[in-house]
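Chemist: This is the structure I want to talk about, given as structure tokens.
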Amino acid sequence: MSEYILRVKDIVKSFVGVKALQGVSLDIKKGEVHCLAGENGSGKSTLIKIVSGVYEKDSGTIEIDGEIQSNLTPIKAIRSGVQVIYQDFSVFPNLTVYENIAFNSELMDNRILANKNRFRQIAQEAVEKINFNVDLDAIVGDLSVADKQLVAISRALINNAKLIIMDEPTTALTQNEVKALFKRINDLKDQGISILFVSHKLDEVFEISDRFTIFRNGQNVFTGPTSELDNESFSYFMTNRKFQETPYEGKPQDEEMLRVENLTSEGEFYNINFSLNKGEILGIAGLLGSGRTELALSLFGMNEPDKGKIYIKNNEVEFKDVADSIEHGLGYVPEDRLTEGLFLEQSIGLNIVAANLPNLSGTMDTIDGEATENEITTWIDNLSIKVADPKLPVQTLSGGNQQRVVLGKWLATKPDVLILNGPTVGVDIGSKHDIHTILKELAEEGLAIIIISDDIPELITLSSRILLMRDGQINEEINSAETSVAELTEKISLDIDQVV
Amino acid sequence: MSNKDTNIVQEESRKFFKDASFWRLAIILVALIIIFTVYNPEGFMSIANFQSMSYQLPEFGLMAYGVMLTMIAGGIDLAVVGMANLSAIISAIVMLRLAESVSEPVAIIVAVLVGLLVGTLCGAFNGLLVSRLNVPAMLATLGSHQLFTGIGLVITQGSGISRLPAGYSTTGRMLILDLIPISVIIFIIITAALAFQLNKTKFGQELYLVGSNYEAAKFSGINNYNVLTRAHTMSGLLSAVAGLIMLANYNSAKPDYGTAYTMQTILIVVLGGVSPAGGFGKIGGIVLSILILQVSSSGLNMFSSISNFYRQLIWGLVLLLVLGFNFLRNYMNEKRIAKAGKTAAETETE
Amino acid sequence: MLKNLVKKTEFYVALVILVIALLIHVRSGAFFQTNNILDILNASVVPGLFTVSTFMIILSGGMDISFPAIAALTSYVTVDVLNSINYEGSMVLIFVMAAVLGALCGLVNAFFIASLNLPPLIVTLGTQSVYRGLLQGALNAQQINMLPPAMGKFARASVYTAEDPVTGATSHLPAGFIIFVAVVILAYFILYRTMFGRGVYAIGGDLVSAERAGFNVLAIRYFLYIFSGIVAGITGIVRSSMNQMVHPTNLFGIEMTIIAGVILGGASLVGGKGSLLGALLGMFLLTMVQNSMLLLGIPGYWQTFFVGLVIILGISITSYRNLVAADKAKTLRDKSKEELVNE
């Protein structure tokens, strides 16, 4: 019996012009939570796909539970105890919980007939393993994101998983759900199951993992116990750069840009009051479902509020639709860049001007070609987006550069107030730092900014005041200078405990 | 990283596509013309043949533009033929009724306007189904085609309408400068207008954006409802024009005229490079594709042994071939780039 | 229990069927007579068979509009070939031959759709054109009135006969109905009792997930289109027998009605949702309306209009309900999230 569940040595894998992995190694002990970290493009996903049999390696060895695996296929990987939980969970939204859980193992057993009772039995056992309380007859599409993930975890467990690989498992979860997940991960660990946790979210990674492996550009740069790492060295290993995050120090100007009075949308948020001055960055913290996104959408003209008033530069406004709110000087960088923010197959240029077409078109709807070109070059330069040719599709850019394009799209409309929902989700550390710098510069130039974020350090460094939302109401206004990451995190979680 | 690979592939195939697809269509067109000319120089290269081609081309060409607009927006329009026929039928009835009481030119002008209005309304109806009620475009237009054809059948009691005022057909088939049919002039004007609209106007850009990501378009302040409704409404209007041209060409209207055109219009837009998934497509490709279809159709006429029914066999085969070819091209492209990539990676290690 | 029932599309379709039946009965007084019911069941055999295979394809997120062309082509070729050798044997060979030809046509669809991953609607639009072209162009098909004797016998074979007490007219439940029932049972068994059938639902839900879970997605998709071809082949023969002739074009256009019925019965066009029962009820509703038009003395040329109207109304109502449901689900999800937070 080997001490290790997985030993990967000197794996090389090349793709199309790129050497994705240049001889990486990874050892995972039995019953440990191991974290694989690295920026986008560092080779994490490629290694996962090799270990789970999706890709074939060029060279190197893979040893699962003491056995050398030469021709790994997905089925072989599952049979030897390796299970991957993908970022999208790979569930069937149209089917019941029990079918979602039972399918894999039934197919693995080459069953021909479908038997509901057996499905249910298998599923029951699986959910019990992680104390997951769920209606087995529920349709998975109706479940919350966290429950979908638990369905995926339960499914992984029935196949006698010895190693569960979780690819960015917390991206779509609220802080509270992350906590619940970590508790379950620790339970699994106690049962002797190893977890490979793939992430680039700093704080989480430290909390959960025993040991660390960090990749950069397809090479190992660090392997060792979590205790040997701290924030600074972690960032350095990830990016090979040193960052100094400085708080935003610009003073808000006296001119009021946005004021909200008693804004209410039944079932979403109630009696929201706040104001925002020129050059100010306001943070909004709160759990998912606290009404923060709904508030932003109402401010942006997506959903009409039931009651209350919105003032822009002291003029009362009512938004008919999004175009109307854009015209009034609002911009909104949405939560989900890929589905809500970008036109992936369209050109970088068209993406930048997408929200600004009304301003670029004159009589008869005709678009001013020259002005459009200028607009595009301006924002590519201003935001230093690394672009070979603005005519290329935006999907050819890296995550950080894509986020800049989204930012550019909104800045091009010359907004007075910019609302950003999770501005750096899924963006690597380097780009995150750059985006923060850009936001601080914009505020200094007079833009009024609202940042909604789960990332507490981000909120504290950037904003001067933070509104804490709970159950659709503003619970507290916090002065960033007088709080700390620990205190604010606690306040948010205290929030929950109090309710319990 | 895996991201990066696909990027290179897409980038490469894009470049390839951009340069090659237009020229490939142009070469096919020229090749067809040469083949038919060599086979039957007097028959194919005659003014009569060109005129007969130009009478027919606008009929399905305009409908193809309708399909193109809706497909760029991420949908499809399977009702173009239904809308064209219904417009023609109602227009014909109005023309016949009015001709009893007012002068012929007035009757014709009013009837044409009514026909255009009918097509526009039909298209708007589709647009509402697709945008407001969120019915998949394919299903909405499949159903409304049936409905429009049904209305036509009920109005005509299952037969056709003929014996139109003589002036309509004469005007509709008039030759400008004794050479070019008026319908071709209309087709050219509409083509220019559409090219302008797609490339140079806000609506055109919004059409591409909505077709490529509906949600992101909503978040960019684009009124998706309006864009989709407008695309379908324009498709209805274009179909109505096509219907009125058919009315002039056949001097009659019938609910089941041009049933083969549905298939042809889709063949044209797919061949012309519109992505069935939405977001892409240029009018240049569509124009070439329309010409290719018309030339082959007329060319086939010269082979007396080939019955009309053969044509659907041929169009079907061509559509499948085009689809297969597009697949193969993408596949080969990926292969080619992968190979180049591997060599590059190897050199890098050395 | 009742609450669950009320949520289902099947329930509403059944309700609509009942209401329309009552209306027709009140107007004509003839709907609930055994003869009329038998006539409607009789008329349901052909669309019913098509509905089964079309439903399965739509369930997987696919589409097939080529089946009427396949039915016409295969029945024509089968009868023509067998006539040329003066075939006097049993029905079995006739069915097998049509089914094999149908399977080949389905295989072509499957190749383009499943192997090359091309859009099903556009592919089958293309193959439909090819099959029609083969039939009318290459084979120059005309109506055939002389059928192999077995087909005549098959058409006259009756499962159940009813005689109208007043007029003395008789109505039969034809042997074709048995084939329809058999295909329904087979499809039901595959869909609900085998892993293969669950795979159809899984593919309709999420194709990539189905692949990762270990379903043989390629095999399932091939099966669906080939099955559709086989069903089309058999249906072509059943129909030709019932009509006592082979007609090259009179099936064309039925695809609209079939797809409409499937959607009316609650299936989602993007796949994954719907039930076989719902699809059959939807088909039955449309068949009933079409059939009853004669009973109500409405001229035949109204038929297309009515089918179109029912399709538009049906999909509009379904889509509207989906919109409302999506809104509701969103609020519910947000609520449950809050609850989760509050726990």
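Residues are referred to by chain and number: the chain letter is A, B, ... according to the order shown in the structure tokens, the number counts from 1 in that chain, and ligands are numbered separately from 1 in the order shown.
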Can you pull out the residues contacting segment 332-349 of chain A? Cut-off 9 Å, using only C-alpha atoms, and skip same-chain residues under 5 positions away; I want them as a PyMOL selection string.

Modeler: (chain A and resi 293+296-297+300+326+354+372-373+375-377+380+387+389-397+402-403+405-407+409-410+417-423+425) or (chain B and resi 208-210+212-220+279-280)

Chemist: If the cut-off is 8 Å, can you tell me the residues of chain C near chain B, counting only C-alpha atoms? I'd like them as a PyMOL selection string.

Modeler: chain C and resi 112+116+118-119+122-123+125-134+136-138+256+260+269+301-309+311-312+315-316+319-320+323

Chemist: Quick check, in Å to one decimal: how far apart do atom CA of Ser42 of chain A and atom CA of Thr239 of chain A lie?

Modeler: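 Atom-to-atom, atom CA of Ser42 of chain A to atom CA of Thr239 of chain A, that is 9.9 Å.
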
Chemist: Between A:Val134, A:Leu287, A:Ile281, A:Val178, which residue has the minimum interatomic distance to chain C, considering only C-alpha atoms?

Modeler: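 Result for the nearest residue to chain C: A:Leu287.
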
Chemist: Produce a table with one row for each residue of chain A that has an atom at most 10 Å from any atom of chain C, each row naming the nearest atom pair and its distance in Å at one decimal; use only C-alpha atoms; arrange rows by chain and rising residue number; format as a tab-separated table.

Modeler:
```
residue	atom	partner	partner_atom	distance
A:Val54	CA	C:Arg212	CA	9.7
A:Pro74	CA	C:Arg212	CA	8.2
A:Ile75	CA	C:Gly214	CA	7.8
A:Val84	CA	C:Arg212	CA	9.9
A:Tyr86	CA	C:Ser209	CA	9.8
A:Asp88	CA	C:Ser209	CA	9.3
A:Phe89	CA	C:Ser209	CA	8.5
A:Ser90	CA	C:Ser209	CA	4.7
A:Val91	CA	C:Ser209	CA	6.2
A:Phe92	CA	C:Gly205	CA	5.2
A:Pro93	CA	C:Gly205	CA	6.0
A:Asn94	CA	C:Gly205	CA	5.4
A:Leu95	CA	C:Ala202	CA	7.5
A:Glu99	CA	C:Arg198	CA	8.8
A:Asn100	CA	C:Ala202	CA	9.0
A:Ile101	CA	C:Ala213	CA	10.0
A:Ala102	CA	C:Ala213	CA	10.0
A:Phe103	CA	C:Ala213	CA	7.0
A:Asn104	CA	C:Ala213	CA	5.2
A:Ser105	CA	C:Ala213	CA	8.7
A:Glu106	CA	C:Met195	CA	8.2
A:Leu107	CA	C:Gly214	CA	6.2
A:Met108	CA	C:Gly214	CA	7.4
A:Asn110	CA	C:Met195	CA	9.1
A:Arg111	CA	C:Met195	CA	6.9
A:Ile112	CA	C:Met195	CA	5.5
A:Leu113	CA	C:Thr194	CA	4.0
A:Ala114	CA	C:Thr194	CA	4.4
A:Asn115	CA	C:Arg193	CA	6.7
A:Lys116	CA	C:Arg193	CA	8.6
A:Gly141	CA	C:Gly205	CA	9.7
A:Asp142	CA	C:Ala329	CA	7.3
A:Leu143	CA	C:Arg333	CA	7.5
A:Ser144	CA	C:Arg333	CA	6.5
A:Val145	CA	C:Lys337	CA	9.2
A:Ala146	CA	C:Lys337	CA	9.4
A:Arg155	CA	C:Ala213	CA	10.0
A:Thr174	CA	C:Val341	CA	8.9
A:Gln175	CA	C:Val341	CA	9.6
A:Asn176	CA	C:Val341	CA	7.0
A:Glu177	CA	C:Val341	CA	8.4
A:Gly267	CA	C:Thr331	CA	7.8
A:Glu268	CA	C:Asp334	CA	8.5
A:Leu287	CA	C:Val341	CA	7.8
A:Leu288	CA	C:Lys337	CA	7.4
A:Gly289	CA	C:Glu338	CA	5.5
A:Ser290	CA	C:Glu338	CA	7.0
A:Gly291	CA	C:Asp334	CA	9.0
A:Arg470	CA	C:Glu338	CA	9.3
A:Asp471	CA	C:Glu338	CA	7.1
A:Gly472	CA	C:Glu338	CA	9.6
A:Ser493	CA	C:Val341	CA	9.9
A:Asp495	CA	C:Asn342	CA	9.2
A:Ile496	CA	C:Asn342	CA	6.3
A:Asp497	CA	C:Asn342	CA	8.5
A:Gln498	CA	C:Asn342	CA	9.1
A:Val499	CA	C:Asn342	CA	6.0
A:Val500	CA	C:Glu343	CA	5.8
```

Chemist: Would you please extract all helix (DSSP H, G or I) residues from segment 140-262 of chain A, as assigned by DSSP on the backbone, and give them as a count of residues only?

Modeler: 52

Chemist: Would you pick out the contacts of Ile188 of chain B at 12 Å or less, using only C-alpha atoms, so that residues sharing its chain but fewer than 6 positions from it are not included, and give the list as a VMD selection string?

Modeler: chain B and resid 54 57 to 58 61 to 62 180 to 182 194 to 195 287

Chemist: Out of segment 50-91 of chain A, which residues get strand (DSSP E) from DSSP, as a list in words?

Modeler: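 Filtering segment 50-91 of chain A to strand (DSSP E) leaves Ser59, Gly60, Thr61, Ile62, Glu63, Ile64, Glu67, Ile68, Gln69, Val82, Gln83, Val84 and Ile85 of chain A.
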
Chemist: Taking N, CA and C atoms for each residue, export the selection above as a PDB file, in the first residue's frame.

Modeler:
```
ATOM      1  N   SER A  59       4.441  12.515 -22.378  1.00  0.00           N
ATOM      2  CA  SER A  59       5.364  11.644 -21.653  1.00  0.00           C
ATOM      3  C   SER A  59       5.196  11.856 -20.159  1.00  0.00           C
ATOM      4  N   GLY A  60       5.856  11.018 -19.363  1.00  0.00           N
ATOM      5  CA  GLY A  60       5.712  11.090 -17.913  1.00  0.00           C
ATOM      6  C   GLY A  60       4.940   9.895 -17.390  1.00  0.00           C
ATOM      7  N   THR A  61       4.854   9.773 -16.058  1.00  0.00           N
ATOM      8  CA  THR A  61       4.149   8.628 -15.492  1.00  0.00           C
ATOM      9  C   THR A  61       3.030   9.072 -14.563  1.00  0.00           C
ATOM     10  N   ILE A  62       1.982   8.246 -14.536  1.00  0.00           N
ATOM     11  CA  ILE A  62       0.875   8.470 -13.609  1.00  0.00           C
ATOM     12  C   ILE A  62       0.693   7.201 -12.788  1.00  0.00           C
ATOM     13  N   GLU A  63       0.659   7.375 -11.475  1.00  0.00           N
ATOM     14  CA  GLU A  63       0.491   6.222 -10.599  1.00  0.00           C
ATOM     15  C   GLU A  63      -0.722   6.497  -9.728  1.00  0.00           C
ATOM     16  N   ILE A  64      -1.752   5.658  -9.869  1.00  0.00           N
ATOM     17  CA  ILE A  64      -2.938   5.844  -9.021  1.00  0.00           C
ATOM     18  C   ILE A  64      -2.983   4.708  -8.017  1.00  0.00           C
ATOM     19  N   GLU A  67      -0.571   1.930  -8.530  1.00  0.00           N
ATOM     20  CA  GLU A  67      -0.515   1.236  -9.811  1.00  0.00           C
ATOM     21  C   GLU A  67      -0.172   2.212 -10.919  1.00  0.00           C
ATOM     22  N   ILE A  68       0.814   1.847 -11.728  1.00  0.00           N
ATOM     23  CA  ILE A  68       1.164   2.707 -12.860  1.00  0.00           C
ATOM     24  C   ILE A  68       0.087   2.588 -13.935  1.00  0.00           C
ATOM     25  N   GLN A  69      -0.425   3.715 -14.394  1.00  0.00           N
ATOM     26  CA  GLN A  69      -1.468   3.709 -15.421  1.00  0.00           C
ATOM     27  C   GLN A  69      -0.856   4.151 -16.740  1.00  0.00           C
ATOM     28  N   VAL A  82     -10.694   7.771  -9.382  1.00  0.00           N
ATOM     29  CA  VAL A  82     -10.526   9.211  -9.572  1.00  0.00           C
ATOM     30  C   VAL A  82     -11.829   9.801 -10.124  1.00  0.00           C
ATOM     31  N   GLN A  83     -12.360  10.796  -9.463  1.00  0.00           N
ATOM     32  CA  GLN A  83     -13.593  11.429  -9.891  1.00  0.00           C
ATOM     33  C   GLN A  83     -13.378  12.924 -10.027  1.00  0.00           C
ATOM     34  N   VAL A  84     -13.894  13.488 -11.099  1.00  0.00           N
ATOM     35  CA  VAL A  84     -13.755  14.924 -11.274  1.00  0.00           C
ATOM     36  C   VAL A  84     -15.123  15.579 -11.114  1.00  0.00           C
ATOM     37  N   ILE A  85     -15.157  16.643 -10.332  1.00  0.00           N
ATOM     38  CA  ILE A  85     -16.382  17.438 -10.282  1.00  0.00           C
ATOM     39  C   ILE A  85     -16.103  18.720 -11.039  1.00  0.00           C
TER      40      ILE A  85
END
```

Chemist: For the atom pair atom CA of Thr229 of chain B and atom CA of Ser131 of chain B, what is the interatomic distance in Å to one decimal place?

Modeler: 6.4 Å

Chemist: Might you pull out every residue within 10 Å of Met146 of chain C, with only C-alpha atoms counted and same-chain residues fewer than 6 positions away left off, and present them as a ChimeraX atom specification?

Modeler: /C:79-80,83,152,244-246

Chemist: When you draw a straight line from atom CA of Ala161 of chain A to atom CA of Ala180 of chain A, how long is it in Å?

Modeler: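 Atom CA of Ala180 of chain A lies at a distance of 20.4 Å from atom CA of Ala161 of chain A.
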
Chemist: So which residues touch Ser464 of chain A within 7 Å, counting only C-alpha atoms, skipping near sequence neighbours fewer than 6 positions away, as a compact mmCIF listing (two decimals) with N, CA and C atoms, in the first residue's frame?

Modeler:
```txt
# COMPACT_ATOMS: atom_id res chain seq x y z
N ILE A 281 -15.96 55.70 -4.19
CA ILE A 281 -16.21 54.28 -4.45
C ILE A 281 -16.99 53.72 -3.28
N LEU A 282 -18.18 53.22 -3.57
CA LEU A 282 -19.04 52.68 -2.53
C LEU A 282 -19.08 51.16 -2.68
N ASN A 479 -17.53 52.06 7.75
CA ASN A 479 -16.43 52.88 7.26
C ASN A 479 -15.20 51.99 7.05
N SER A 480 -14.74 51.92 5.83
CA SER A 480 -13.64 50.99 5.52
C SER A 480 -12.40 51.23 6.35
```
